[in-house]
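Engineer: For reference, this is protein-v9.pdb, and it has PDB, C-alpha atoms.
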ATOM      1  CA  GLY G  16     122.612  97.393 107.253  1.00  0.00           C
ATOM      2  CA  THR G  17     125.628  98.892 105.517  1.00  0.00           C
ATOM      3  CA  PHE G  18     125.844 102.039 107.676  1.00  0.00           C
ATOM      4  CA  GLU G  19     123.866 100.760 110.653  1.00  0.00           C
ATOM      5  CA  ASN G  20     124.883 102.330 113.969  1.00  0.00           C
ATOM      6  CA  PHE G  21     127.417 104.681 112.363  1.00  0.00           C
ATOM      7  CA  ASN G  22     127.778 107.953 114.241  1.00  0.00           C
ATOM      8  CA  LEU G  23     128.736 111.375 112.863  1.00  0.00           C
ATOM      9  CA  LEU G  24     128.480 109.932 109.416  1.00  0.00           C
ATOM     10  CA  THR G  25     129.943 111.820 106.433  1.00  0.00           C
ATOM     11  CA  PHE G  26     128.894 110.858 102.915  1.00  0.00           C
ATOM     12  CA  PRO G  27     130.222 111.625  99.492  1.00  0.00           C
ATOM     13  CA  ASN G  28     128.156 114.214  97.617  1.00  0.00           C
ATOM     14  CA  THR G  29     126.335 111.531  95.653  1.00  0.00           C
ATOM     15  CA  MET G  30     125.616 107.868  96.254  1.00  0.00           C
ATOM     16  CA  ASP G  31     125.275 105.854  93.028  1.00  0.00           C
ATOM     17  CA  LEU G  32     122.903 102.950  93.674  1.00  0.00           C
ATOM     18  CA  ALA G  33     122.794 101.508  90.165  1.00  0.00           C
ATOM     19  CA  SER G  34     123.703  98.032  91.444  1.00  0.00           C
ATOM     20  CA  CYS G  35     121.563  98.166  94.584  1.00  0.00           C
ATOM     21  CA  THR G  36     118.243  96.338  94.890  1.00  0.00           C
ATOM     22  CA  ASN G  37     117.841  96.127  98.659  1.00  0.00           C
ATOM     23  CA  MET G  38     118.371  99.148 100.914  1.00  0.00           C
ATOM     24  CA  GLY G  39     116.987  97.347 103.954  1.00  0.00           C
ATOM     25  CA  GLN G  40     118.382  98.821 107.219  1.00  0.00           C
ATOM     26  CA  ILE G  41     121.105 100.646 105.300  1.00  0.00           C
ATOM     27  CA  PHE G  42     121.033 103.713 107.583  1.00  0.00           C
ATOM     28  CA  ARG G  43     119.375 102.125 110.599  1.00  0.00           C
ATOM     29  CA  TYR G  44     120.477 103.973 113.771  1.00  0.00           C
ATOM     30  CA  ALA G  45     122.838 106.110 111.648  1.00  0.00           C
ATOM     31  CA  ASP G  46     123.615 109.555 113.048  1.00  0.00           C
ATOM     32  CA  LEU G  47     122.205 111.484 110.095  1.00  0.00           C
ATOM     33  CA  THR G  48     121.065 115.085 110.042  1.00  0.00           C
ATOM     34  CA  THR G  49     121.089 115.520 106.256  1.00  0.00           C
ATOM     35  CA  PHE G  50     119.535 113.111 103.812  1.00  0.00           C
ATOM     36  CA  PRO G  51     122.120 111.603 101.429  1.00  0.00           C
ATOM     37  CA  THR G  52     121.847 112.381  97.708  1.00  0.00           C
ATOM     38  CA  MET G  53     121.096 109.221  95.725  1.00  0.00           C
ATOM     39  CA  ILE G  54     121.113 108.561  91.994  1.00  0.00           C
ATOM     40  CA  ASN G  55     120.272 105.526  89.861  1.00  0.00           C
ATOM     41  CA  VAL G  56     117.741 104.101  92.324  1.00  0.00           C
ATOM     42  CA  THR G  57     115.562 102.463  89.681  1.00  0.00           C
ATOM     43  CA  ASN G  58     116.516  98.926  90.767  1.00  0.00           C
ATOM     44  CA  VAL G  59     115.812  99.395  94.479  1.00  0.00           C
ATOM     45  CA  THR G  60     112.888  97.194  95.521  1.00  0.00           C
ATOM     46  CA  SER G  61     113.100  97.421  99.310  1.00  0.00           C
ATOM     47  CA  LEU G  62     113.477 100.276 101.788  1.00  0.00           C
ATOM     48  CA  ASN G  63     112.663  98.060 104.776  1.00  0.00           C
ATOM     49  CA  ALA G  64     113.793  99.922 107.905  1.00  0.00           C
ATOM     50  CA  ALA G  65     116.206 101.905 105.724  1.00  0.00           C
ATOM     51  CA  PHE G  66     116.194 104.935 108.054  1.00  0.00           C
ATOM     52  CA  GLU G  67     114.691 103.299 111.136  1.00  0.00           C
ATOM     53  CA  PHE G  68     115.807 105.023 114.358  1.00  0.00           C
ATOM     54  CA  ALA G  69     117.728 107.713 112.441  1.00  0.00           C
ATOM     55  CA  TYR G  70     116.889 109.989 115.337  1.00  0.00           C
ATOM     56  CA  ASP G  71     118.604 113.159 114.063  1.00  0.00           C
ATOM     57  CA  LEU G  72     117.304 113.255 110.500  1.00  0.00           C
ATOM     58  CA  LEU G  73     115.454 116.559 110.029  1.00  0.00           C
ATOM     59  CA  SER G  74     113.987 116.361 106.531  1.00  0.00           C
ATOM     60  CA  VAL G  75     113.562 114.082 103.534  1.00  0.00           C
ATOM     61  CA  PRO G  76     113.571 115.542 100.003  1.00  0.00           C
ATOM     62  CA  ASN G  77     111.420 114.477  97.069  1.00  0.00           C
ATOM     63  CA  LEU G  78     112.061 110.786  96.428  1.00  0.00           C
ATOM     64  CA  SER G  79     111.268 108.518  93.503  1.00  0.00           C
ATOM     65  CA  PHE G  80     111.757 104.763  93.799  1.00  0.00           C
ATOM     66  CA  PRO G  81     109.850 103.375  90.795  1.00  0.00           C
ATOM     67  CA  ALA G  82     110.547  99.695  91.601  1.00  0.00           C
ATOM     68  CA  CYS G  83     110.195  99.806  95.389  1.00  0.00           C
ATOM     69  CA  THR G  84     107.609  97.426  96.832  1.00  0.00           C
ATOM     70  CA  SER G  85     108.278  97.824 100.547  1.00  0.00           C
ATOM     71  CA  LEU G  86     108.495 100.891 102.774  1.00  0.00           C
ATOM     72  CA  TYR G  87     108.037  98.815 105.934  1.00  0.00           C
ATOM     73  CA  ARG G  88     109.369 100.800 108.936  1.00  0.00           C
ATOM     74  CA  ALA G  89     111.440 102.913 106.548  1.00  0.00           C
ATOM     75  CA  PHE G  90     111.293 106.031 108.758  1.00  0.00           C
ATOM     76  CA  TYR G  91     110.170 104.384 111.980  1.00  0.00           C
ATOM     77  CA  ARG G  92     110.754 106.585 115.039  1.00  0.00           C
ATOM     78  CA  ASN G  93     112.569 109.383 113.261  1.00  0.00           C
ATOM     79  CA  TYR G  94     111.925 111.637 116.214  1.00  0.00           C
ATOM     80  CA  ALA G  95     113.495 114.798 114.721  1.00  0.00           C
ATOM     81  CA  LEU G  96     111.938 114.481 111.269  1.00  0.00           C
ATOM     82  CA  VAL G  97     109.787 117.524 110.402  1.00  0.00           C
ATOM     83  CA  THR G  98     109.209 117.502 106.638  1.00  0.00           C
ATOM     84  CA  ILE G  99     109.040 114.924 103.851  1.00  0.00           C
ATOM     85  CA  GLY G 100     108.816 115.878 100.187  1.00  0.00           C
ATOM     86  CA  ASP G 101     106.904 114.134  97.425  1.00  0.00           C
ATOM     87  CA  LEU G 102     107.162 110.336  97.372  1.00  0.00           C
ATOM     88  CA  ASN G 103     106.817 108.496  94.062  1.00  0.00           C
ATOM     89  CA  LEU G 104     106.255 104.805  94.829  1.00  0.00           C
ATOM     90  CA  PRO G 105     104.029 103.418  92.051  1.00  0.00           C
ATOM     91  CA  LEU G 106     104.713  99.716  92.795  1.00  0.00           C
ATOM     92  CA  LEU G 107     104.568  99.953  96.585  1.00  0.00           C
ATOM     93  CA  GLU G 108     102.882  97.029  98.356  1.00  0.00           C
ATOM     94  CA  ASP G 109     103.770  97.486 102.032  1.00  0.00           C
ATOM     95  CA  MET G 110     103.613 100.785 103.931  1.00  0.00           C
ATOM     96  CA  GLY G 111     103.339  99.140 107.345  1.00  0.00           C
ATOM     97  CA  GLN G 112     104.775 101.349 110.136  1.00  0.00           C
ATOM     98  CA  ALA G 113     106.545 103.454 107.502  1.00  0.00           C
ATOM     99  CA  PHE G 114     106.237 106.728 109.466  1.00  0.00           C
ATOM    100  CA  ASN G 115     105.200 105.302 112.822  1.00  0.00           C
ATOM    101  CA  ASP G 116     106.028 107.574 115.763  1.00  0.00           C
ATOM    102  CA  CYS G 117     107.505 110.415 113.711  1.00  0.00           C
ATOM    103  CA  ASN G 118     105.996 112.697 116.281  1.00  0.00           C
ATOM    104  CA  LEU G 119     107.434 116.008 114.996  1.00  0.00           C
ATOM    105  CA  LEU G 120     106.490 115.360 111.380  1.00  0.00           C
ATOM    106  CA  THR G 121     104.273 118.211 110.202  1.00  0.00           C
ATOM    107  CA  THR G 122     104.332 117.967 106.401  1.00  0.00           C
ATOM    108  CA  ILE G 123     104.355 115.240 103.756  1.00  0.00           C
ATOM    109  CA  GLY G 124     104.177 116.129 100.073  1.00  0.00           C
ATOM    110  CA  THR G 125     102.258 114.249  97.420  1.00  0.00           C
ATOM    111  CA  ILE G 126     102.451 110.477  97.800  1.00  0.00           C
ATOM    112  CA  THR G 127     102.053 108.520  94.571  1.00  0.00           C
ATOM    113  CA  THR G 128     101.155 104.850  94.901  1.00  0.00           C
ATOM    114  CA  GLY G 129      99.281 102.333  92.764  1.00  0.00           C
ATOM    115  CA  PRO G 130      96.771  99.505  93.175  1.00  0.00           C
ATOM    116  CA  ALA G 131      99.518  97.141  94.439  1.00  0.00           C
ATOM    117  CA  LEU G 132      99.517  98.856  97.846  1.00  0.00           C
ATOM    118  CA  ASN G 133      97.966  96.400 100.300  1.00  0.00           C
ATOM    119  CA  ASP G 134      99.246  97.011 103.829  1.00  0.00           C
ATOM    120  CA  MET G 135      98.993 100.324 105.678  1.00  0.00           C
ATOM    121  CA  GLN G 136      98.961  98.995 109.231  1.00  0.00           C
ATOM    122  CA  TYR G 137     100.361 101.550 111.705  1.00  0.00           C
ATOM    123  CA  ALA G 138     101.657 103.612 108.746  1.00  0.00           C
ATOM    124  CA  PHE G 139     101.197 107.050 110.371  1.00  0.00           C
ATOM    125  CA  GLN G 140     100.506 105.979 113.941  1.00  0.00           C
ATOM    126  CA  GLU G 141     101.427 108.674 116.489  1.00  0.00           C
ATOM    127  CA  CYS G 142     102.375 111.265 113.884  1.00  0.00           C
ATOM    128  CA  ASN G 143     101.040 113.742 116.410  1.00  0.00           C
ATOM    129  CA  ALA G 144     102.140 116.911 114.587  1.00  0.00           C
ATOM    130  CA  LEU G 145     100.947 115.990 111.096  1.00  0.00           C
ATOM    131  CA  THR G 146      98.293 118.537 110.131  1.00  0.00           C
ATOM    132  CA  SER G 147      97.251 117.349 106.673  1.00  0.00           C
ATOM    133  CA  LEU G 148      97.707 114.511 104.228  1.00  0.00           C
ATOM    134  CA  ASN G 149      96.714 114.202 100.592  1.00  0.00           C
ATOM    135  CA  ALA G 150      94.856 111.101  99.472  1.00  0.00           C
ATOM    136  CA  PHE G 151      96.826 108.562  97.456  1.00  0.00           C
ATOM    137  CA  ASP G 152      95.872 105.323  95.699  1.00  0.00           C
ATOM    138  CA  THR G 153      94.608 102.919  98.364  1.00  0.00           C
ATOM    139  CA  SER G 154      92.294 100.963  96.075  1.00  0.00           C
ATOM    140  CA  GLY G 155      94.123  97.694  96.810  1.00  0.00           C
ATOM    141  CA  VAL G 156      94.590  98.198 100.547  1.00  0.00           C
ATOM    142  CA  THR G 157      93.007  95.558 102.781  1.00  0.00           C
ATOM    143  CA  LEU G 158      94.845  96.289 106.046  1.00  0.00           C
ATOM    144  CA  MET G 159      94.556  99.707 107.681  1.00  0.00           C
ATOM    145  CA  ARG G 160      94.770  98.777 111.354  1.00  0.00           C
ATOM    146  CA  GLU G 161      95.814 101.747 113.541  1.00  0.00           C
ATOM    147  CA  ALA G 162      97.038 103.559 110.429  1.00  0.00           C
ATOM    148  CA  PHE G 163      96.282 107.030 111.815  1.00  0.00           C
ATOM    149  CA  GLU G 164      95.940 106.307 115.511  1.00  0.00           C
ATOM    150  CA  GLU G 165      96.865 109.330 117.661  1.00  0.00           C
ATOM    151  CA  CYS G 166      97.256 111.650 114.669  1.00  0.00           C
ATOM    152  CA  THR G 167      95.883 114.310 116.944  1.00  0.00           C
ATOM    153  CA  SER G 168      96.741 117.296 114.711  1.00  0.00           C
ATOM    154  CA  LEU G 169      95.126 116.017 111.513  1.00  0.00           C
ATOM    155  CA  THR G 170      92.207 118.315 110.791  1.00  0.00           C
ATOM    156  CA  ALA G 171      90.592 116.208 108.066  1.00  0.00           C
ATOM    157  CA  CYS G 172      90.564 112.621 106.910  1.00  0.00           C
ATOM    158  CA  PRO G 173      91.665 112.206 103.284  1.00  0.00           C
ATOM    159  CA  ALA G 174      89.015 110.723 101.002  1.00  0.00           C
ATOM    160  CA  PHE G 175      90.743 107.384 100.635  1.00  0.00           C
ATOM    161  CA  ASP G 176      89.417 104.499  98.556  1.00  0.00           C
ATOM    162  CA  THR G 177      88.716 101.966 101.303  1.00  0.00           C
ATOM    163  CA  GLY G 178      86.505  99.608  99.329  1.00  0.00           C
ATOM    164  CA  ASN G 179      88.777  96.603  99.954  1.00  0.00           C
ATOM    165  CA  VAL G 180      89.738  97.384 103.541  1.00  0.00           C
ATOM    166  CA  THR G 181      88.739  94.537 105.864  1.00  0.00           C
ATOM    167  CA  SER G 182      89.895  96.049 109.163  1.00  0.00           C
ATOM    168  CA  LEU G 183      89.540  99.570 110.532  1.00  0.00           C
ATOM    169  CA  TYR G 184      90.690  98.436 113.965  1.00  0.00           C
ATOM    170  CA  ARG G 185      91.532 101.680 115.842  1.00  0.00           C
ATOM    171  CA  THR G 186      92.361 103.311 112.519  1.00  0.00           C
ATOM    172  CA  PHE G 187      91.359 106.837 113.573  1.00  0.00           C
ATOM    173  CA  TYR G 188      91.662 106.347 117.334  1.00  0.00           C
ATOM    174  CA  ASN G 189      91.959 109.718 119.090  1.00  0.00           C
ATOM    175  CA  CYS G 190      92.113 111.761 115.878  1.00  0.00           C
ATOM    176  CA  ASN G 191      90.562 114.546 117.866  1.00  0.00           C
ATOM    177  CA  GLY G 192      91.453 117.219 115.320  1.00  0.00           C
ATOM    178  CA  PHE G 193      88.712 115.978 112.997  1.00  0.00           C
ATOM    179  CA  THR G 194      85.600 118.158 112.964  1.00  0.00           C
ATOM    180  CA  SER G 195      83.858 116.107 110.290  1.00  0.00           C
ATOM    181  CA  PHE G 196      84.391 112.841 108.452  1.00  0.00           C
ATOM    182  CA  PRO G 197      83.997 111.855 104.783  1.00  0.00           C
ATOM    183  CA  LEU G 198      81.794 109.076 103.464  1.00  0.00           C
ATOM    184  CA  LEU G 199      84.213 106.180 103.010  1.00  0.00           C
ATOM    185  CA  ASP G 200      83.455 102.860 101.334  1.00  0.00           C
ATOM    186  CA  THR G 201      83.429 100.367 104.209  1.00  0.00           C
ATOM    187  CA  SER G 202      81.551  97.623 102.384  1.00  0.00           C
ATOM    188  CA  SER G 203      84.353  95.057 102.962  1.00  0.00           C
ATOM    189  CA  CYS G 204      85.135  95.980 106.557  1.00  0.00           C
ATOM    190  CA  THR G 205      84.556  93.446 109.334  1.00  0.00           C
ATOM    191  CA  SER G 206      86.204  95.236 112.257  1.00  0.00           C
ATOM    192  CA  PHE G 207      85.164  98.661 113.489  1.00  0.00           C
ATOM    193  CA  TYR G 208      86.769  98.136 116.901  1.00  0.00           C
ATOM    194  CA  ARG G 209      87.434 101.597 118.382  1.00  0.00           C
ATOM    195  CA  THR G 210      87.735 103.017 114.872  1.00  0.00           C
ATOM    196  CA  TRP G 211      86.722 106.582 115.877  1.00  0.00           C
ATOM    197  CA  TYR G 212      87.361 106.292 119.614  1.00  0.00           C
ATOM    198  CA  SER G 213      87.776 109.782 121.151  1.00  0.00           C
ATOM    199  CA  CYS G 214      87.284 111.655 117.885  1.00  0.00           C
ATOM    200  CA  GLY G 215      85.533 114.064 120.168  1.00  0.00           C
ATOM    201  CA  ASN G 216      85.440 117.107 117.905  1.00  0.00           C
ATOM    202  CA  ILE G 217      83.442 115.550 115.074  1.00  0.00           C
ATOM    203  CA  VAL G 218      80.157 117.424 115.124  1.00  0.00           C
ATOM    204  CA  GLY G 219      76.810 116.621 113.564  1.00  0.00           C
ATOM    205  CA  ALA G 220      75.478 113.626 111.695  1.00  0.00           C
ATOM    206  CA  PHE G 221      78.006 110.926 110.843  1.00  0.00           C
ATOM    207  CA  PRO G 222      78.011 109.660 107.218  1.00  0.00           C
ATOM    208  CA  LEU G 223      75.908 106.585 106.569  1.00  0.00           C
ATOM    209  CA  ILE G 224      78.798 104.170 106.079  1.00  0.00           C
ATOM    210  CA  ASP G 225      78.204 100.547 105.111  1.00  0.00           C
ATOM    211  CA  THR G 226      78.461  98.237 108.128  1.00  0.00           C
ATOM    212  CA  SER G 227      76.879  95.197 106.492  1.00  0.00           C
ATOM    213  CA  LYS G 228      79.952  92.970 106.956  1.00  0.00           C
ATOM    214  CA  GLY G 229      80.873  94.272 110.383  1.00  0.00           C
ATOM    215  CA  ILE G 230      81.336  91.773 113.197  1.00  0.00           C
ATOM    216  CA  SER G 231      83.105  93.978 115.744  1.00  0.00           C
ATOM    217  CA  PHE G 232      81.794  97.405 116.772  1.00  0.00           C
ATOM    218  CA  ARG G 233      83.088  97.699 120.331  1.00  0.00           C
ATOM    219  CA  ASP G 234      83.663 101.324 121.356  1.00  0.00           C
ATOM    220  CA  ALA G 235      83.570 102.386 117.696  1.00  0.00           C
ATOM    221  CA  PHE G 236      82.329 105.877 118.624  1.00  0.00           C
ATOM    222  CA  LYS G 237      83.167 106.036 122.317  1.00  0.00           C
ATOM    223  CA  ASN G 238      83.843 109.593 123.546  1.00  0.00           C
ATOM    224  CA  CYS G 239      82.393 111.090 120.356  1.00  0.00           C
ATOM    225  CA  SER G 240      79.868 113.274 122.117  1.00  0.00           C
ATOM    226  CA  GLY G 241      79.491 115.782 119.273  1.00  0.00           C
ATOM    227  CA  ILE G 242      78.041 113.274 116.818  1.00  0.00           C
ATOM    228  CA  THR G 243      74.273 113.638 116.664  1.00  0.00           C
ATOM    229  CA  SER G 244      73.375 110.583 114.590  1.00  0.00           C
ATOM    230  CA  PHE G 245      75.147 107.361 113.726  1.00  0.00           C
ATOM    231  CA  PRO G 246      75.040 104.821 110.894  1.00  0.00           C
ATOM    232  CA  ALA G 247      72.984 101.702 111.510  1.00  0.00           C
ATOM    233  CA  PHE G 248      75.058  98.773 112.698  1.00  0.00           C
ATOM    234  CA  ASN G 249      74.568  95.297 111.322  1.00  0.00           C
ATOM    235  CA  LEU G 250      74.011  93.243 114.464  1.00  0.00           C
ATOM    236  CA  SER G 251      72.658  90.104 112.836  1.00  0.00           C
TER     237      SER G 251
END
Is it possible to express this structure as structure tokens?
Structural biologist:
Amino acid sequence: GTFENFNLLTFPNTMDLASCTNMGQIFRYADLTTFPTMINVTNVTSLNAAFEFAYDLLSVPNLSFPACTSLYRAFYRNYALVTIGDLNLPLLEDMGQAFNDCNLLTTIGTITTGPALNDMQYAFQECNALTSLNAFDTSGVTLMREAFEECTSLTACPAFDTGNVTSLYRTFYNCNGFTSFPLLDTSSCTSFYRTWYSCGNIVGAFPLIDTSKGISFRDAFKNCSGITSFPAFNLS
């Protein structure tokens, strides 16, 4: 990327990105503490790994990238990152590993996506300090593998539209801050492998989710001792 591996980086007050379409890896490994001010970002289509391993970045302001389709690993392992503002990404398709291992991240503002979003694999994996998250448009998402694995501080699962999700493989693994769980549409899901493994603080009857297309249920509710009744599994 353009500024990859730069240390003690100093930027002009404003970066004009009118001619930029691809910001892939632009600040990868850069020694940033303050997020650069950007204008004219309407042509940017990719933020792939744009701030990956920017270990010193503390916060991200409100961002709007109306043409961006990929946030893949954009903030991967930003270990110092605490807050992210609102994110306007109406054409986003790929959120894979976008915030993976941002383990001090406590707050994300409103995320705006559209039906083009398809891939959320590992998106918030190991965001251990994240306490809440607003639902955003996931109506087109098919892949949600390990999306919230080890989000141990999340107290509630957003009411996502999961009607097209085919895999919930370890999606909520060890989300032990949950005390209840919403009724999600799982009518397309084939894999429930360790989906709620060690969600040990969910108490009471579990919602009667649709498991009619499920083919893998191994350890789906292992270490969930507070749940008093479970949905019927399709074992045919």
Engineer: Hey, which of G:Asn55, G:Thr121, G:Asn37, G:Ser240 ends up closest to Asn143 (chain G)? Count only C-alpha atoms.
Structural biologist: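 The closest residue to Asn143 (chain G) is G:Thr121.
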Engineer: Tell me which of G:Leu148, G:Leu223, G:Ala174, G:Met159 sits closest to Phe187 (chain G), counting only C-alpha atoms.
Structural biologist: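 Checking each of G:Leu148, G:Leu223, G:Ala174, G:Met159 against Phe187 (chain G), counting only C-alpha atoms, the winner is G:Met159.
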Engineer: Would you give me, as CSV, each residue of region 30-87 of chain G having an atom within 12 Å of an atom of region 110-114 of chain G, along with its shortest atom pair and that distance in Å to one decimal, using all atoms listed in the file and sorting by chain and residue number?
Structural biologist:
residue,atom,partner,partner_atom,distance
G:Ser61,CA,G:Met110,CA,11.1
G:Leu62,CA,G:Ala113,CA,9.5
G:Asn63,CA,G:Ala113,CA,8.6
G:Ala64,CA,G:Ala113,CA,8.1
G:Ala65,CA,G:Ala113,CA,9.9
G:Phe66,CA,G:Ala113,CA,9.8
G:Glu67,CA,G:Ala113,CA,8.9
G:Phe68,CA,G:Phe114,CA,10.9
G:Ala69,CA,G:Phe114,CA,11.9
G:Val75,CA,G:Phe114,CA,12.0
G:Cys83,CA,G:Met110,CA,10.8
G:Thr84,CA,G:Met110,CA,8.8
G:Ser85,CA,G:Met110,CA,6.5
G:Leu86,CA,G:Met110,CA,5.0
G:Tyr87,CA,G:Gly111,CA,4.9
Engineer: Just checking: using only C-alpha atoms, which residue out of G:Thr170, G:Thr127, G:Asn179, G:Gln140 ends up closest to Gly192 (chain G)?
Structural biologist: G:Thr170
Engineer: Just checking: using all atoms listed in the file, which residue out of G:Gly241, G:Gly129, G:Gly39, G:Gly124 ends up closest to Ala89 (chain G)?
Structural biologist: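 Comparing G:Gly241, G:Gly129, G:Gly39, G:Gly124 against Ala89 (chain G), the winner is G:Gly39.
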Engineer: Given only C-alpha atoms as the basis, pick out the residue of G:Thr205, G:Asn238, G:Asn93, G:Asn77 nearest to Ala45 (chain G).
Structural biologist: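 So, comparing all the options, the nearest one is G:Asn93.
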Engineer: Using the chain letters and residue numbers of this document, give as JSON, numbers by chain the residues selected by the PyMOL selection byres ((chain G and resi 57) around 10).
Structural biologist: {"G": [32, 33, 34, 35, 36, 54, 55, 56, 58, 59, 60, 79, 80, 81, 82, 83]}
Engineer: Quote the spacing between CA of Thr125 (chain G) and CA of Asp101 (chain G) in Å to one decimal place.
Structural biologist: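 A separation of 4.6 Å between them.
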Engineer: Let me make sure I understand: among G:Phe248, G:Tyr44, G:Phe163, G:Phe139, which one has the smallest atom-to-atom distance to Ile224 (chain G) if we use all atoms listed in the file?
Structural biologist: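 Answer, going by the shortest atom-to-atom distance: G:Phe248.
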Engineer: Since I can't run it myself right now, could you work out what the PyMOL selection byres ((chain G and resi 175) around 12) selects here and report it as an MDAnalysis selection string?
Structural biologist: chainID G and resid 135 148:156 159 171:174 176:180 196:201
Engineer: May I have the residues at most 7 Å from (82.2, 115.9, 115.0) in the file's coordinates, counting only C-alpha atoms, as a PyMOL selection string?
Structural biologist: chain G and resi 193-195+215-219+241-242
Engineer: Could you save those same residues with C-alpha atoms as a PDB file, keeping the file's coordinate frame?
Structural biologist:
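Contents of again-v9.pdb, as written:
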ATOM      1  CA  PHE G 193      88.712 115.978 112.997  1.00  0.00           C
ATOM      2  CA  THR G 194      85.600 118.158 112.964  1.00  0.00           C
ATOM      3  CA  SER G 195      83.858 116.107 110.290  1.00  0.00           C
ATOM      4  CA  GLY G 215      85.533 114.064 120.168  1.00  0.00           C
ATOM      5  CA  ASN G 216      85.440 117.107 117.905  1.00  0.00           C
ATOM      6  CA  ILE G 217      83.442 115.550 115.074  1.00  0.00           C
ATOM      7  CA  VAL G 218      80.157 117.424 115.124  1.00  0.00           C
ATOM      8  CA  GLY G 219      76.810 116.621 113.564  1.00  0.00           C
ATOM      9  CA  GLY G 241      79.491 115.782 119.273  1.00  0.00           C
ATOM     10  CA  ILE G 242      78.041 113.274 116.818  1.00  0.00           C
TER      11      ILE G 242
END
Engineer: The PyMOL selection byres ((chain G and resi 144) around 9) on the file shown: which residues, as an MDAnalysis selection string?
Structural biologist: chainID G and resid 97 117:122 141:143 145:146 166:169
Engineer: Between CA of Thr48 (chain G) and CA of Gly100 (chain G), what is the spacing in Å?
Structural biologist: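 These atoms are spaced 15.7 Å apart.
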Engineer: Provide the CA of Asp134 (chain G) to CA of Tyr208 (chain G) distance in Å, to one decimal place.
Structural biologist: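 According to the coordinates, CA of Asp134 (chain G) and CA of Tyr208 (chain G) are separated by 18.1 Å.
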